[in-house]
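What follows is one structure encoded as structure tokens, with my remarks underneath.
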Amino acid sequence: ETLIVATRNPGKVKEFSHAFAPFGWSVKSMFDYPELPDVVEDGNTFSDNAYKKAKTIGDALGMPVLADDSGLCVDALGGDPGVYSARYAGEHGDDVANNDKLLTELSRLRTSDASNENERMLSPAQFVCVLVLYDPLSGEHVETRGTADGWITSEPQGDGGFGYDPLFYLKQYGKTMAQLTLDEKQAVSHRGHALRQLTEKLSAFQ
Ligand code: ITT
Ligand code: NA
């Protein structure tokens with residue numbers, strides 16, 4: 001069976017494919033439907049944007065669609081980049097530029113408060129993932145939300161994952177998210193938590 005995920009992010013496609021494979025589900029993404037237009041993500045919340053992506057693509061295809069809206073919220077930056085995570089440095093989806101921008105913003109804060117040596121090294125942050133599964137036949141949708149707490153480091157480490165993973169340090173592993181295997185990331189990530197909740201909610205209907 002096939003699940004359509006309304007995403008153009010290859011890192012998300014990889015994680016969803018890995019998560020659904022054990023259930024015998026294969027994943028299709030927007031790379032399989034190049035004719036569909038980009039969805040304008042102008043919502044103020046992860047929830048609004050996830051719903052908009054799932055509904056737009058679900059209605060266009062006439063099939064149930066899953067969408068993921070996610071991002072990084074850094075305490076010291078008042079929750080930024082938040083819903084703007086994908087385009088923090090300007091161009092959409094430029095991970096290297098986004099990570100550089102994050103370090104620049106944090107170092108700016110740190111020089112203005114150089115007294116706190118601990119804060120120079122690690123800054124608390126949270127990944128958030130909202131999943132929406134939308135069924136155009138009934139017009140109904142199911143939403144779940146997962147979070148992961150960690151720390152922003154000053155040196156990128158690891159080449160797994162995507163986005164801000166090389167800067168997102170997990171004390172329990174002594175590693176960044178980019179140094180985890182797909183299974184390890186799924187066990188602790190915002191997306192993994194949201195996915196497990198979705199599976200639970202759906203099995204409650206059956
Ligand atoms: P789609 O909308 O096509 O799914 P996108 O990358 O634009 O792809 P979002 O609008 O949800 O998706 O933005 C999510 C951004 O948040 C993503 O580009 C990363 O910068 C960051 N992000 C989300 N999940 C992440 C993860 O697991 N690891 C690292 N960074 C992540
Ligand atoms: Na978004």
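To be explicit about the labels: the chains of the structure tokens are called A, B, and onward in the order shown, and within each one the residues are counted from 1, while ligands get numbers from 1 in the order they are shown.
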As a ChimeraX atom specification, list the residues of range 9-148 of chain A assigned to strand (DSSP E or B) by DSSP on the backbone atoms of this structure.
/A:26-28,65-74,81,123-135,140-148
Selection near Val132 in chain A, 9 Å with only C-alpha atoms, sequence-local residues under 4 positions removed, as a PyMOL selection string:
chain A and resi 47+50-51+53-55+65-69+141-145+198
Please give me, as a ChimeraX atom specification, the residues lying within 6 Å of ligand 1 when counting only C-alpha atoms and all ligand atoms.
/A:7-9,68-72,85-86,93,162-165
Shell around range 11-23 of chain A at 12 Å using only C-alpha atoms, local window under 4 positions removed, as a PyMOL selection string:
chain A and resi 1-7+27-32+66-70+93+95+129+131+159-165+178+181-187+189-196+198-199
Would you kindly return, as a count of residues only, each protein, DNA or RNA residue with an atom no farther than 8 Å from any atom of Asp149 in chain A, considering only C-alpha atoms and excluding same-chain residues fewer than 6 positions away?
5
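The gap separating CA of Met121 in chain A from CA of Leu167 in chain A is 11.3 Å, in Å to one decimal.
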Hey, can you check how far CA of Asp80 in chain A sits from CA of Glu155 in chain A?
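Those two atoms sit 19.1 Å apart.
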Return the single residue from A:Ala204, A:Val40, A:Val96, A:Leu106 that is closest to ligand 2, with distances computed using only C-alpha atoms and all ligand atoms.
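Closest residue, counting only C-alpha atoms and all ligand atoms: A:Val40.
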Could you please determine the separation between atom 1 (Na, counted along the ligand's line) of ligand 2 and CA of Glu200 in chain A in Å, to one decimal place?
24.7 Å
Compare A:Ala89, A:Leu202, A:Leu102, A:Leu137 by their minimum atom-to-atom distance to Asp59 in chain A, counting only C-alpha atoms, and give me the closest one.
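Looking only at the distances to Asp59 in chain A, the closest residue turns out to be A:Leu137.
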If you run DSSP on this backbone, which residues of range 20-165 of chain A come out as helix (DSSP H, G or I), and could you give them as a PyMOL selection string?
chain A and resi 20-23+30-32+46-61+75-77+82-87+95-112+117-121+165
Name the closest residue to Lys52 in chain A among the candidates A:Thr104, A:Val74, A:Tyr134, A:Lys171; distances are taken between atoms, counting only C-alpha atoms.
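When distances to Lys52 in chain A are compared using only C-alpha atoms, the smallest one comes from A:Tyr134.
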